[in-house]
Every structure is written in C-alpha cells, then in structure tokens.
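Participant: Below is query.csv; it holds CSV, C-alpha atoms (C1' of nucleotides) and all ligand atoms.
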chain,number,residue,atom,x,y,z
N,1,MET,CA,0.0,0.0,0.0
N,2,THR,CA,1.1,3.5,-0.8
N,3,PRO,CA,1.8,5.6,2.3
N,4,THR,CA,-0.5,8.4,3.1
N,5,PRO,CA,0.7,11.5,1.3
N,6,ASP,CA,2.1,14.1,3.4
N,7,ARG,CA,-0.5,16.8,3.8
N,8,GLY,CA,1.6,19.5,5.5
N,9,PRO,CA,1.9,22.9,4.0
N,10,ASP,CA,3.6,22.9,0.6
N,11,ARG,CA,3.9,19.1,0.7
N,12,GLY,CA,1.9,16.3,-0.8
N,13,PRO,CA,1.0,15.9,-4.4
N,14,ASP,CA,0.0,19.5,-5.0
N,15,ARG,CA,2.6,21.2,-2.9
N,16,GLY,CA,0.0,23.4,-1.3
N,17,LEU,CA,-1.3,24.5,-4.6
N,18,ASP,CA,-4.7,25.6,-3.4
N,19,ARG,CA,-3.2,27.5,-0.5
N,20,ARG,CA,-0.8,29.3,-2.7
N,21,LEU,CA,-3.5,30.2,-5.2
N,22,ASP,CA,-5.6,31.5,-2.4
N,23,GLN,CA,-2.7,33.5,-1.1
N,24,ALA,CA,-2.1,34.9,-4.5
N,25,ALA,CA,-5.8,35.9,-4.9
N,26,GLU,CA,-5.7,37.6,-1.5
N,27,LEU,CA,-2.5,39.5,-2.5
N,28,CYS,CA,-4.2,40.8,-5.7
N,29,ARG,CA,-7.3,41.7,-3.8
N,30,ALA,CA,-5.3,43.7,-1.3
N,31,ARG,CA,-3.9,45.7,-4.2
N,32,GLY,CA,-7.2,46.3,-5.8
N,33,GLN,CA,-6.6,43.8,-8.5
N,34,SER,CA,-8.4,40.6,-9.3
N,35,LEU,CA,-7.1,37.1,-9.8
N,36,THR,CA,-9.8,36.1,-12.3
N,37,PRO,CA,-10.5,32.4,-13.1
N,38,LEU,CA,-8.3,32.6,-16.2
N,39,ARG,CA,-5.4,34.2,-14.4
N,40,ARG,CA,-5.8,31.8,-11.6
N,41,ARG,CA,-5.7,28.9,-13.9
N,42,VAL,CA,-2.6,30.2,-15.7
N,43,LEU,CA,-0.9,30.7,-12.4
N,44,GLU,CA,-1.9,27.1,-11.4
N,45,ILE,CA,-0.5,25.8,-14.6
N,46,VAL,CA,2.8,27.5,-14.0
N,47,LEU,CA,2.8,26.4,-10.4
N,48,GLU,CA,2.2,22.8,-11.4
N,49,ALA,CA,5.1,22.7,-13.8
N,50,ASP,CA,8.5,21.5,-12.6
N,51,ARG,CA,10.3,23.7,-15.0
N,52,PRO,CA,9.9,27.1,-16.7
N,53,LEU,CA,7.0,27.0,-19.2
N,54,GLY,CA,6.9,28.9,-22.4
N,55,ALA,CA,3.8,31.0,-23.1
N,56,TYR,CA,2.9,28.5,-25.8
N,57,ASP,CA,3.2,25.6,-23.4
N,58,VAL,CA,0.6,27.3,-21.3
N,59,LEU,CA,-1.5,28.0,-24.3
N,60,GLU,CA,-1.5,24.4,-25.3
N,61,ILE,CA,-2.7,23.3,-21.9
N,62,LEU,CA,-5.4,25.9,-21.8
N,63,ALA,CA,-6.4,25.0,-25.3
N,64,GLU,CA,-7.0,21.4,-24.3
N,65,GLU,CA,-9.4,22.6,-21.6
N,66,ARG,CA,-11.3,25.3,-23.5
N,67,GLY,CA,-10.7,24.9,-27.2
N,68,ARG,CA,-9.0,27.4,-29.3
N,69,VAL,CA,-7.0,29.9,-27.3
N,70,ALA,CA,-5.1,32.8,-28.9
N,71,PRO,CA,-1.7,34.0,-27.8
N,72,PRO,CA,-2.8,37.4,-26.4
N,73,THR,CA,-5.0,35.5,-23.9
N,74,VAL,CA,-2.0,33.8,-22.5
N,75,TYR,CA,0.4,36.8,-22.7
N,76,ARG,CA,-2.1,39.1,-21.0
N,77,SER,CA,-2.5,36.7,-18.1
N,78,LEU,CA,1.3,36.1,-17.8
N,79,ASP,CA,1.9,39.9,-17.9
N,80,PHE,CA,-0.6,40.4,-15.1
N,81,LEU,CA,1.1,37.7,-13.0
N,82,LEU,CA,4.5,39.3,-13.8
N,83,ASP,CA,3.2,42.7,-12.7
N,84,GLN,CA,1.9,41.2,-9.5
N,85,GLY,CA,5.2,39.4,-8.8
N,86,LEU,CA,3.5,36.0,-8.9
N,87,VAL,CA,5.7,34.7,-11.7
N,88,HIS,CA,9.1,35.5,-13.1
N,89,LYS,CA,10.3,35.6,-16.6
N,90,VAL,CA,13.3,33.4,-17.4
N,91,LEU,CA,15.1,35.1,-20.3
N,92,SER,CA,17.5,32.3,-20.8
N,93,VAL,CA,14.7,30.0,-21.9
N,94,ASN,CA,11.9,32.3,-22.9
N,95,GLY,CA,9.9,30.9,-20.1
N,96,PHE,CA,8.0,31.6,-16.9
N,97,VAL,CA,8.3,30.2,-13.4
N,98,ALA,CA,6.1,30.8,-10.4
N,99,CYS,CA,7.7,33.0,-7.8
N,100,SER,CA,8.6,31.1,-4.7
N,101,ASP,CA,8.2,34.0,-2.3
N,102,THR,CA,5.4,36.3,-3.3
N,103,ALA,CA,5.2,38.3,-0.1
N,104,ARG,CA,6.7,41.3,-2.0
N,105,PRO,CA,7.9,41.7,-5.5
N,106,HIS,CA,11.6,41.3,-6.1
N,107,ALA,CA,14.1,40.4,-8.9
N,108,ALA,CA,14.6,36.7,-9.2
N,109,GLU,CA,17.9,34.9,-8.8
N,110,LEU,CA,17.5,31.7,-10.8
N,111,PHE,CA,19.5,28.5,-11.0
N,112,ILE,CA,18.6,26.8,-14.2
N,113,CYS,CA,19.7,23.3,-15.1
N,114,ARG,CA,20.8,23.0,-18.7
N,115,HIS,CA,20.2,19.2,-18.5
N,116,CYS,CA,16.7,18.8,-17.0
N,117,GLY,CA,15.5,22.4,-17.4
N,118,ASN,CA,14.6,22.7,-13.7
N,119,ALA,CA,14.8,26.2,-12.3
N,120,VAL,CA,15.2,27.0,-8.7
N,121,GLU,CA,14.7,30.5,-7.3
N,122,VAL,CA,16.8,31.7,-4.5
N,123,ALA,CA,15.8,34.7,-2.4
N,124,ARG,CA,18.3,37.5,-2.9
N,125,LYS,CA,19.2,38.6,0.5
N,126,ALA,CA,20.3,42.1,-0.5
N,127,ALA,CA,21.5,44.1,-3.4
N,128,ASP,CA,25.0,43.0,-4.5
N,129,PRO,CA,27.3,45.6,-3.1
N,130,ARG,CA,29.7,45.2,-6.0
N,131,LEU,CA,26.9,45.9,-8.4
N,132,GLU,CA,25.9,48.9,-6.5
N,133,GLU,CA,29.5,50.2,-6.5
N,134,THR,CA,29.8,49.7,-10.2
N,135,ALA,CA,26.5,51.4,-10.8
N,136,ALA,CA,27.5,54.3,-8.7
N,137,GLY,CA,30.8,54.6,-10.6
N,138,LEU,CA,28.9,54.7,-13.8
N,139,ASP,CA,26.4,57.1,-12.4
N,140,PHE,CA,23.9,54.5,-13.5
N,141,ALA,CA,20.5,54.2,-11.8
N,142,ILE,CA,19.6,50.6,-11.4
N,143,GLU,CA,15.9,49.8,-12.0
N,144,SER,CA,16.1,46.0,-12.2
N,145,VAL,CA,18.6,43.2,-12.4
N,146,VAL,CA,18.4,40.0,-14.3
N,147,LEU,CA,20.5,37.2,-12.8
N,148,GLU,CA,20.3,33.7,-14.2
N,149,VAL,CA,22.7,31.0,-13.4
N,150,ARG,CA,23.0,28.1,-15.8
N,151,GLY,CA,24.6,24.8,-15.1
N,152,ARG,CA,23.8,21.4,-13.8
N,153,CYS,CA,21.6,20.7,-10.9
N,154,ALA,CA,22.3,18.2,-8.1
N,155,ASP,CA,20.0,15.5,-9.5
N,156,CYS,CA,21.6,15.7,-12.9
N,157,ARG,CA,25.1,15.6,-11.5
N,158,ALA,CA,24.1,12.5,-9.5
N,159,ASP,CA,22.7,10.8,-12.6
N,160,ALA,CA,25.8,11.5,-14.7
Z,161,MET,CA,38.0,75.2,-35.8
Z,162,THR,CA,37.4,71.7,-34.6
Z,163,PRO,CA,40.2,70.3,-32.6
Z,164,THR,CA,42.2,67.5,-34.1
Z,165,PRO,CA,40.6,64.2,-33.2
Z,166,ASP,CA,42.3,62.2,-30.7
Z,167,ARG,CA,44.1,59.3,-32.5
Z,168,GLY,CA,45.2,57.3,-29.5
Z,169,PRO,CA,44.2,53.7,-29.3
Z,170,ASP,CA,40.5,53.1,-29.0
Z,171,ARG,CA,39.8,56.8,-29.6
Z,172,GLY,CA,38.9,58.9,-32.6
Z,173,PRO,CA,36.0,58.4,-34.9
Z,174,ASP,CA,36.4,54.6,-35.2
Z,175,ARG,CA,37.5,53.8,-31.7
Z,176,GLY,CA,40.4,51.7,-33.0
Z,177,LEU,CA,38.1,49.7,-35.1
Z,178,ASP,CA,40.7,48.3,-37.5
Z,179,ARG,CA,43.0,47.4,-34.6
Z,180,ARG,CA,40.2,45.6,-32.8
Z,181,LEU,CA,39.2,43.7,-35.9
Z,182,ASP,CA,42.8,42.7,-36.5
Z,183,GLN,CA,43.1,41.6,-32.9
Z,184,ALA,CA,39.9,39.5,-33.3
Z,185,ALA,CA,41.3,37.9,-36.5
Z,186,GLU,CA,44.5,37.1,-34.7
Z,187,LEU,CA,42.6,35.6,-31.8
Z,188,CYS,CA,40.6,33.4,-34.1
Z,189,ARG,CA,43.7,32.3,-36.1
Z,190,ALA,CA,45.4,31.4,-32.9
Z,191,ARG,CA,42.5,29.0,-32.2
Z,192,GLY,CA,42.6,27.5,-35.6
Z,193,GLN,CA,39.5,29.4,-36.6
Z,194,SER,CA,39.0,31.9,-39.3
Z,195,LEU,CA,37.5,35.4,-39.2
Z,196,THR,CA,36.2,35.3,-42.7
Z,197,PRO,CA,35.2,38.5,-44.5
Z,198,LEU,CA,31.6,38.0,-43.7
Z,199,ARG,CA,32.2,37.3,-40.0
Z,200,ARG,CA,34.6,40.3,-39.9
Z,201,ARG,CA,32.1,42.5,-41.4
Z,202,VAL,CA,29.4,41.4,-39.0
Z,203,LEU,CA,31.7,42.0,-36.1
Z,204,GLU,CA,32.5,45.5,-37.5
Z,205,ILE,CA,28.8,46.3,-37.7
Z,206,VAL,CA,28.3,45.3,-34.1
Z,207,LEU,CA,31.4,47.3,-33.1
Z,208,GLU,CA,30.3,50.4,-34.9
Z,209,ALA,CA,26.9,50.4,-33.2
Z,210,ASP,CA,26.4,52.4,-30.0
Z,211,ARG,CA,23.9,50.0,-28.7
Z,212,PRO,CA,23.0,46.3,-28.9
Z,213,LEU,CA,21.9,45.4,-32.4
Z,214,GLY,CA,19.3,42.8,-33.2
Z,215,ALA,CA,20.2,40.1,-35.7
Z,216,TYR,CA,17.8,41.6,-38.1
Z,217,ASP,CA,19.4,45.0,-37.7
Z,218,VAL,CA,22.6,43.5,-38.8
Z,219,LEU,CA,20.8,41.7,-41.6
Z,220,GLU,CA,19.4,45.0,-42.8
Z,221,ILE,CA,22.8,46.6,-43.0
Z,222,LEU,CA,24.3,43.6,-44.7
Z,223,ALA,CA,21.5,43.5,-47.2
Z,224,GLU,CA,22.1,47.1,-48.2
Z,225,GLU,CA,25.7,46.1,-49.1
Z,226,ARG,CA,25.2,42.8,-50.8
Z,227,GLY,CA,21.6,42.5,-51.7
Z,228,ARG,CA,19.3,39.8,-50.3
Z,229,VAL,CA,20.7,38.2,-47.1
Z,230,ALA,CA,18.9,35.4,-45.3
Z,231,PRO,CA,18.6,35.1,-41.6
Z,232,PRO,CA,20.8,32.0,-41.2
Z,233,THR,CA,23.7,34.0,-42.8
Z,234,VAL,CA,23.6,36.5,-39.9
Z,235,TYR,CA,22.8,34.0,-37.1
Z,236,ARG,CA,25.7,31.8,-38.2
Z,237,SER,CA,28.1,34.7,-38.1
Z,238,LEU,CA,26.8,35.9,-34.8
Z,239,ASP,CA,27.0,32.4,-33.3
Z,240,PHE,CA,30.5,32.1,-34.4
Z,241,LEU,CA,31.4,35.5,-32.8
Z,242,LEU,CA,29.6,34.3,-29.6
Z,243,ASP,CA,31.6,31.1,-29.6
Z,244,GLN,CA,34.8,33.1,-30.0
Z,245,GLY,CA,33.8,35.5,-27.2
Z,246,LEU,CA,33.9,38.4,-29.6
Z,247,VAL,CA,30.3,39.4,-28.9
Z,248,HIS,CA,27.8,38.9,-26.1
Z,249,LYS,CA,24.2,38.3,-26.4
Z,250,VAL,CA,21.9,40.6,-24.5
Z,251,LEU,CA,18.9,38.6,-23.5
Z,252,SER,CA,17.0,41.6,-22.1
Z,253,VAL,CA,16.7,43.1,-25.6
Z,254,ASN,CA,17.4,40.1,-27.9
Z,255,GLY,CA,20.5,41.9,-29.1
Z,256,PHE,CA,24.2,41.6,-29.5
Z,257,VAL,CA,27.0,43.8,-28.3
Z,258,ALA,CA,30.7,43.6,-29.1
Z,259,CYS,CA,32.8,42.3,-26.2
Z,260,SER,CA,35.0,45.0,-24.7
Z,261,ASP,CA,37.7,42.7,-23.5
Z,262,THR,CA,38.2,39.7,-25.8
Z,263,ALA,CA,41.5,38.6,-24.3
Z,264,ARG,CA,39.7,35.6,-22.9
Z,265,PRO,CA,36.1,34.5,-23.0
Z,266,HIS,CA,33.9,35.4,-20.0
Z,267,ALA,CA,30.4,36.1,-19.0
Z,268,ALA,CA,29.3,39.6,-19.6
Z,269,GLU,CA,28.1,42.0,-16.9
Z,270,LEU,CA,26.0,44.5,-18.7
Z,271,PHE,CA,24.5,47.8,-17.7
Z,272,ILE,CA,21.7,48.6,-20.2
Z,273,CYS,CA,19.9,51.9,-20.3
Z,274,ARG,CA,16.2,51.6,-20.7
Z,275,HIS,CA,16.0,55.0,-22.1
Z,276,CYS,CA,18.7,55.3,-24.8
Z,277,GLY,CA,19.4,51.6,-25.2
Z,278,ASN,CA,23.1,52.0,-24.6
Z,279,ALA,CA,24.9,49.0,-23.1
Z,280,VAL,CA,28.1,49.1,-21.1
Z,281,GLU,CA,30.1,46.0,-20.3
Z,282,VAL,CA,31.9,45.9,-17.1
Z,283,ALA,CA,34.6,43.3,-16.5
Z,284,ARG,CA,33.7,40.9,-13.8
Z,285,LYS,CA,36.7,40.8,-11.5
Z,286,ALA,CA,35.9,37.5,-10.0
Z,287,ALA,CA,33.0,35.1,-9.4
Z,288,ASP,CA,30.4,36.5,-7.0
Z,289,PRO,CA,31.2,34.6,-3.7
Z,290,ARG,CA,27.6,34.7,-2.6
Z,291,LEU,CA,26.6,33.0,-5.9
Z,292,GLU,CA,29.3,30.4,-5.4
Z,293,GLU,CA,28.0,29.7,-1.9
Z,294,THR,CA,24.5,29.4,-3.0
Z,295,ALA,CA,25.5,27.1,-5.8
Z,296,ALA,CA,27.5,25.0,-3.4
Z,297,GLY,CA,24.6,24.8,-1.1
Z,298,LEU,CA,22.4,23.5,-3.9
Z,299,ASP,CA,25.1,21.2,-5.2
Z,300,PHE,CA,24.7,23.1,-8.5
Z,301,ALA,CA,27.6,23.2,-11.0
Z,302,ILE,CA,27.7,26.7,-12.5
Z,303,GLU,CA,28.4,26.7,-16.2
Z,304,SER,CA,27.5,30.3,-17.0
Z,305,VAL,CA,25.9,33.4,-15.5
Z,306,VAL,CA,23.7,35.9,-17.1
Z,307,LEU,CA,23.9,39.3,-15.4
Z,308,GLU,CA,22.1,42.2,-16.9
Z,309,VAL,CA,21.4,45.4,-15.1
Z,310,ARG,CA,18.7,47.6,-16.5
Z,311,GLY,CA,18.1,51.2,-15.6
Z,312,ARG,CA,19.1,54.7,-16.6
Z,313,CYS,CA,22.5,55.7,-17.7
Z,314,ALA,CA,24.4,58.8,-16.7
Z,315,ASP,CA,23.7,60.7,-19.9
Z,316,CYS,CA,20.0,60.0,-19.7
Z,317,ARG,CA,19.9,61.0,-16.0
Z,318,ALA,CA,21.5,64.3,-16.9
Z,319,ASP,CA,19.0,64.9,-19.7
Z,320,ALA,CA,16.0,64.3,-17.5
Q,321,DT,C1',41.4,14.9,-59.6
Q,322,DA,C1',39.0,13.3,-56.0
Q,323,DT,C1',37.8,13.9,-51.2
Q,324,DG,C1',36.8,16.1,-47.0
Q,325,DA,C1',36.1,20.0,-44.1
Q,326,DC,C1',34.2,24.2,-43.7
Q,327,DA,C1',31.7,28.4,-45.0
Q,328,DT,C1',28.0,30.3,-47.3
Q,329,DG,C1',23.6,30.5,-50.0
Q,330,DT,C1',18.6,29.3,-50.3
Q,331,DT,C1',14.1,27.9,-49.1
Q,332,DA,C1',10.9,27.1,-45.9
Q,333,DT,C1',9.2,27.0,-41.3
Q,334,DA,C1',9.1,27.3,-36.3
Q,335,DA,C1',8.8,30.0,-32.0
Q,336,DA,C1',7.9,34.1,-29.5
Q,337,DG,C1',5.5,38.2,-29.0
Q,338,DT,C1',2.3,42.4,-30.3
Q,339,DA,C1',-1.4,45.6,-32.3
Q,340,DT,C1',-6.0,46.3,-32.7
Q,341,DC,C1',-10.9,45.9,-32.5
Q,342,DG,C1',-15.0,44.7,-30.3
Q,343,DA,C1',-18.2,42.1,-27.1
Q,344,DG,C1',-19.5,41.4,-22.5
Q,345,DA,C1',-19.1,41.7,-17.4
Q,346,DA,C1',-18.3,44.4,-13.3
Q,347,DT,C1',-18.2,48.7,-10.9
Q,348,DG,C1',-19.8,52.8,-9.3
Q,349,DA,C1',-22.6,57.5,-9.9
Q,350,DC,C1',-26.7,59.2,-10.2
B,351,DG,C1',-32.6,50.9,-12.2
B,352,DT,C1',-29.6,52.7,-15.9
B,353,DC,C1',-26.0,55.0,-17.6
B,354,DA,C1',-21.1,55.7,-18.2
B,355,DT,C1',-16.6,53.9,-17.2
B,356,DT,C1',-13.4,50.5,-16.7
B,357,DC,C1',-11.7,46.0,-16.9
B,358,DT,C1',-11.4,41.5,-18.9
B,359,DC,C1',-11.3,38.5,-22.5
B,360,DG,C1',-12.0,36.7,-27.4
B,361,DA,C1',-10.6,37.0,-32.0
B,362,DT,C1',-8.0,38.3,-36.2
B,363,DA,C1',-4.0,39.5,-38.1
B,364,DC,C1',0.6,40.5,-37.9
B,365,DT,C1',5.7,41.4,-36.5
B,366,DT,C1',9.9,39.9,-34.7
B,367,DT,C1',13.2,36.4,-33.6
B,368,DA,C1',15.3,32.1,-34.6
B,369,DT,C1',16.2,27.4,-36.7
B,370,DA,C1',15.9,23.2,-39.8
B,371,DA,C1',17.2,21.2,-44.0
B,372,DC,C1',19.5,21.0,-48.1
B,373,DA,C1',22.4,22.9,-51.9
B,374,DT,C1',26.4,25.2,-53.5
B,375,DG,C1',30.9,27.1,-53.3
B,376,DT,C1',35.8,27.2,-51.7
B,377,DC,C1',40.0,25.5,-50.3
B,378,DA,C1',43.5,22.3,-48.8
B,379,DT,C1',45.5,18.0,-49.5
B,380,DA,C1',45.9,13.1,-50.6
U,1,ZN,ZN,10.4,35.4,-6.8
U,2,ZN,ZN,19.0,19.0,-13.8
U,3,ZN,ZN,33.0,40.7,-22.8
U,4,ZN,ZN,20.7,56.2,-21.5
Show me this structure written as structure tokens.

Facilitator:
Amino acid sequence: MTPTPDRGPDRGPDRGLDRRLDQAAELCRARGQSLTPLRRRVLEIVLEADRPLGAYDVLEILAEERGRVAPPTVYRSLDFLLDQGLVHKVLSVNGFVACSDTARPHAAELFICRHCGNAVEVARKAADPRLEETAAGLDFAIESVVLEVRGRCADCRADA
Amino acid sequence: MTPTPDRGPDRGPDRGLDRRLDQAAELCRARGQSLTPLRRRVLEIVLEADRPLGAYDVLEILAEERGRVAPPTVYRSLDFLLDQGLVHKVLSVNGFVACSDTARPHAAELFICRHCGNAVEVARKAADPRLEETAAGLDFAIESVVLEVRGRCADCRADA
DNA sequence: TATGACATGTTATAAAGTATCGAGAATGAC
DNA sequence: GTCATTCTCGATACTTTATAACATGTCATA
C-alpha cells in the first residue's frame, strides 16, 4: 500500500497548490486587482510545472481545456502575473516560473539546469554591493537586475 | 575650428576599429578558426553600433551592401562570434554587443539603459562569492551566468 | 582529380510576442 | 434601475526572432 501522502503545507502531491493560489488571490485583492479564473488557472499551470513553461506551453494546456486559445489571452495573463510578482520571466529559456516568495515583488535569482530544465529560485538577501558600486561609478540608476545562473543541478550531477 | 581628433588607441571616430578587428582575427587564427570577410564585417557592424543590435538590424545593414541576405547567414556569423567570445548576447533586448575585453572569454556583466538603449560592459573581476556559496549549497555546478542590469545611464539621467 | 572540411547561400518554417478591434461583465454614480 | 466607465477577454492578423534542412561554393591536401 502506498503511504498516506504528506499533507503538511507545501507538501503532498499538489505542494500546497490551493493554499498558494488563495494567497495569490488575496494578494491581488489587497492591491485592488483581481485574480480572475483565467489568471488563476494560468498561475496554477505555471505552479504545477516542474520547469519554466513557455507561453505557448501554457497556451497548449489551456487549449486542451477550453478549445482554441489565442496568444494574447496567455500573454495578458502572464503579464498580469508578472506585474503582481507572482511569476518571473526566465530570459535564458523564454519561459515563466512561479515565484517562490510572493510576499513582496523582487528580482529573481534563478539557478537553471541545462540538463533537465529545472529552475530554482533563490531569495536575494540584499543588493549585490559590488553591483551597487559599479553602478555608482557609472552614475547608473539601477531599475532592475536579471540574474540567471545556468549549469547542472544536483539531481543531474548525480545521474551523470 | 574643430580640434584634431584624438588618435590614440580606441579613440577617434572609429574607436580603434581596425585594430580591434585585426586583434579579433589574430585571436581566431590562434585558435585554428578563421574570421572570414563575412564574419569580420558582422563584427565590424556590431562594433560600430552604439547599442545592442538585433540580428535583423545586422541583416538589414548587410542587405544594403550585398543584396538579399537570409537570416541564417547572420545568425551563423553571430553564433561564431559568440563562440569566440567576440560578442555577447543581451537577453533583455534580444540583441548583440561587441565584447569590450576579448582577451579571454567570459560572462558579460552589462548595464543597459532603458532610455537610450546603450549597453556598457563591465569586467567581472571574480565570481560572486555569494553566488558560489548558493551554488555549493544547492550542489549546483555553474556553467555560465547571465547578469544584466537595467536602468538609466548617466547621460539620460542628466538629460532628464 | 578526388575527397573532405568548412563556409555560405537558399528555401521554408518554427517559435515568440504584439497591435488592434470589439463584445461582455463588473463597478460605481446618479 | 440605468448610464457611463473600466476591466477582462475573445478573435484576427501581424511582426519579430530564430532554426531546420538542403544545396552550393571554396580551399586544402591526398
Ligand atoms: Zn520570486
Ligand atoms: Zn537537472
Ligand atoms: Zn566581454
Ligand atoms: Zn541612456
């Protein structure tokens, strides 16, 4: 017999999916925004994935559920989720990942495995002082920072 | 009367263009590769630009010179230059910039102005120790790092 | 002169992202 | 209620970015 799935927060088959979705909805509401069914479903799709999903990956999943879906439908939802800090864009792979800490918007620091495609977000403790220095030297006003680390994750190193 | 242009290395109207192209050619040759006329011209185009150029920007310039040019022609040259560390790809803008220090290949650290599009490359002295730590903690083997800083450059701050 | 390696040309297509218009639902003022 | 405003979403068409697949040219050397 299979053991009872762990039902603690963020564990079990859905990794606390509903809780995270509800949290997201609350976050939006507090900002006077609305996590509509479509946006909620898109977020859910991204949360369920174990790797960054392309907009057209999301589109395909949506299309299975509701018939023909056009790109703007997906991009609008993803843009909304980006604005709300609920997902991050992964430039290296033209994909989107769910943010792992939505309490307040931040720039993501992502470790992306070239082998399995998995992407892990690490909270950035503080601004990189060296970056700040360089910016100051250039008289450059930082607005955002893209930091993506590519390589091989623990699992894939083990497999090799 | 206009003052005599400064003719020191990397100064003057062409910023040492020919010298940089010759250096690049030598670099390739030393590696058993060849900076063909096409590749050299593509590098020149990127060097001449004062901002990241898209592949299709390059294509357009080439097409003016030699008639119809197809995308693979440009992408192949750019890929070659990327491999040789002569240009960097700027993910934030789907563009390419010439590397400012081609002595040996490295990851670029780019400061990109959202206003004028200018991109400045800053040599990364050493690996970010915090990044190394995090990677070690994740048992993640870093292969490359994308670091792009977006904001407003000194010139544009002054203008505002 | 073959033969192989490499660079380039050519055609077609895939993948990613956007502009624009319009219908319908939700919100709030009156 | 109903009117105007705003937001959301569907739908059509399109632009931009990138690659696959195959053919041709070029050059060195066996
Ligand atoms: Zn995050
Ligand atoms: Zn992996
Ligand atoms: Zn460089
Ligand atoms: Zn600027």

Participant: Name each residue within 10 Å of ligand ZN 1 (chain U), counting all atoms listed in the file, as a list in words.

Facilitator: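 These are the residues that qualify: Leu82, Gly85, Leu86, Val87, His88, Lys89, Val97, Ala98, Cys99, Ser100, Asp101, Thr102, Ala103, Arg104, Pro105, His106, Ala107, Ala108, Glu109, Leu110, Val120, Glu121, Val122, Ala123 and Arg124 of chain N.
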
Participant: Next, write the just-selected residues to a file, as an mmCIF file, keeping the file's coordinate frame, keeping C-alpha atoms as the atom set.

Facilitator:
data_model
loop_
_atom_site.group_PDB
_atom_site.id
_atom_site.type_symbol
_atom_site.label_atom_id
_atom_site.label_comp_id
_atom_site.auth_asym_id
_atom_site.auth_seq_id
_atom_site.Cartn_x
_atom_site.Cartn_y
_atom_site.Cartn_z
ATOM 1 C CA LEU N 82 4.500 39.300 -13.800
ATOM 2 C CA GLY N 85 5.200 39.400 -8.800
ATOM 3 C CA LEU N 86 3.500 36.000 -8.900
ATOM 4 C CA VAL N 87 5.700 34.700 -11.700
ATOM 5 C CA HIS N 88 9.100 35.500 -13.100
ATOM 6 C CA LYS N 89 10.300 35.600 -16.600
ATOM 7 C CA VAL N 97 8.300 30.200 -13.400
ATOM 8 C CA ALA N 98 6.100 30.800 -10.400
ATOM 9 C CA CYS N 99 7.700 33.000 -7.800
ATOM 10 C CA SER N 100 8.600 31.100 -4.700
ATOM 11 C CA ASP N 101 8.200 34.000 -2.300
ATOM 12 C CA THR N 102 5.400 36.300 -3.300
ATOM 13 C CA ALA N 103 5.200 38.300 -0.100
ATOM 14 C CA ARG N 104 6.700 41.300 -2.000
ATOM 15 C CA PRO N 105 7.900 41.700 -5.500
ATOM 16 C CA HIS N 106 11.600 41.300 -6.100
ATOM 17 C CA ALA N 107 14.100 40.400 -8.900
ATOM 18 C CA ALA N 108 14.600 36.700 -9.200
ATOM 19 C CA GLU N 109 17.900 34.900 -8.800
ATOM 20 C CA LEU N 110 17.500 31.700 -10.800
ATOM 21 C CA VAL N 120 15.200 27.000 -8.700
ATOM 22 C CA GLU N 121 14.700 30.500 -7.300
ATOM 23 C CA VAL N 122 16.800 31.700 -4.500
ATOM 24 C CA ALA N 123 15.800 34.700 -2.400
ATOM 25 C CA ARG N 124 18.300 37.500 -2.900
#

Participant: Within 12 Å of ligand ZN 4 (chain U), counting all atoms listed in the file, which protein or nucleic acid residues do you find, written as JSON, numbers by chain?

Facilitator: {"N": [138, 139, 140, 141, 142], "Z": [210, 211, 271, 272, 273, 274, 275, 276, 277, 278, 279, 280, 310, 311, 312, 313, 314, 315, 316, 317, 318, 319, 320]}

Participant: Hey, can you check how far CA of Glu148 in chain N sits from CA of Val305 in chain Z?

Facilitator: 5.8 Å

Participant: Report the distance between CA of Val306 in chain Z and CA of Leu91 in chain N in Å, rounded to one decimal place.

Facilitator: 9.2 Å

Participant: Fewer than 5 positions away in the same chain doesn't count, so skip those; otherwise give me all residues within 7 Å of range 52-67 of chain N, counting only C-alpha atoms (C1' of nucleotides), as a PDB file with C-alpha atoms, in the coordinates of the input.

Facilitator:
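Written out: selection-v3.pdb:
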ATOM      1  CA  ILE N  45      -0.500  25.800 -14.600  1.00  0.00           C
ATOM      2  CA  VAL N  46       2.800  27.500 -14.000  1.00  0.00           C
ATOM      3  CA  VAL N  74      -2.000  33.800 -22.500  1.00  0.00           C
ATOM      4  CA  TYR N  75       0.400  36.800 -22.700  1.00  0.00           C
ATOM      5  CA  ASN N  94      11.900  32.300 -22.900  1.00  0.00           C
ATOM      6  CA  GLY N  95       9.900  30.900 -20.100  1.00  0.00           C
ATOM      7  CA  PHE N  96       8.000  31.600 -16.900  1.00  0.00           C
ATOM      8  CA  VAL N  97       8.300  30.200 -13.400  1.00  0.00           C
ATOM      9  CA  ALA N 119      14.800  26.200 -12.300  1.00  0.00           C
TER      10      ALA N 119
END

Participant: Just give me the gap between C1' of DA346 in chain Q and C1' of DT356 in chain B in Å, one decimal is fine.

Facilitator: 8.5 Å

Participant: Starting from chain Z, keep only residues with some atom at most 12 Å from an atom of chain Q, counting only C-alpha atoms (C1' of nucleotides), and report them as a list in words.

Facilitator: Gln193, Ser194, Leu195, Thr196, Pro197, Leu198, Arg199, Arg228, Val229, Ala230, Pro231, Pro232, Thr233, Val234, Arg236, Ser237, Phe240 and Asn254 of chain Z

Participant: Mind listing as number ranges by chain which residues of chain B are within 8 Å of chain N, counting all atoms listed in the file?

Facilitator: B: 359-361

Participant: N:Glu48, N:Arg31, N:Ser92, N:Ala127: which is nearest chain Z, counting all atoms listed in the file?

Facilitator: N:Ser92

Participant: Could you check the closest approach to chain N for each of Z:Leu238, Z:Leu187, Z:Ala286, Z:Leu203 and tell me which residue wins, using all atoms listed in the file?

Facilitator: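 The shortest atom-to-atom distance to chain N comes from Z:Ala286.
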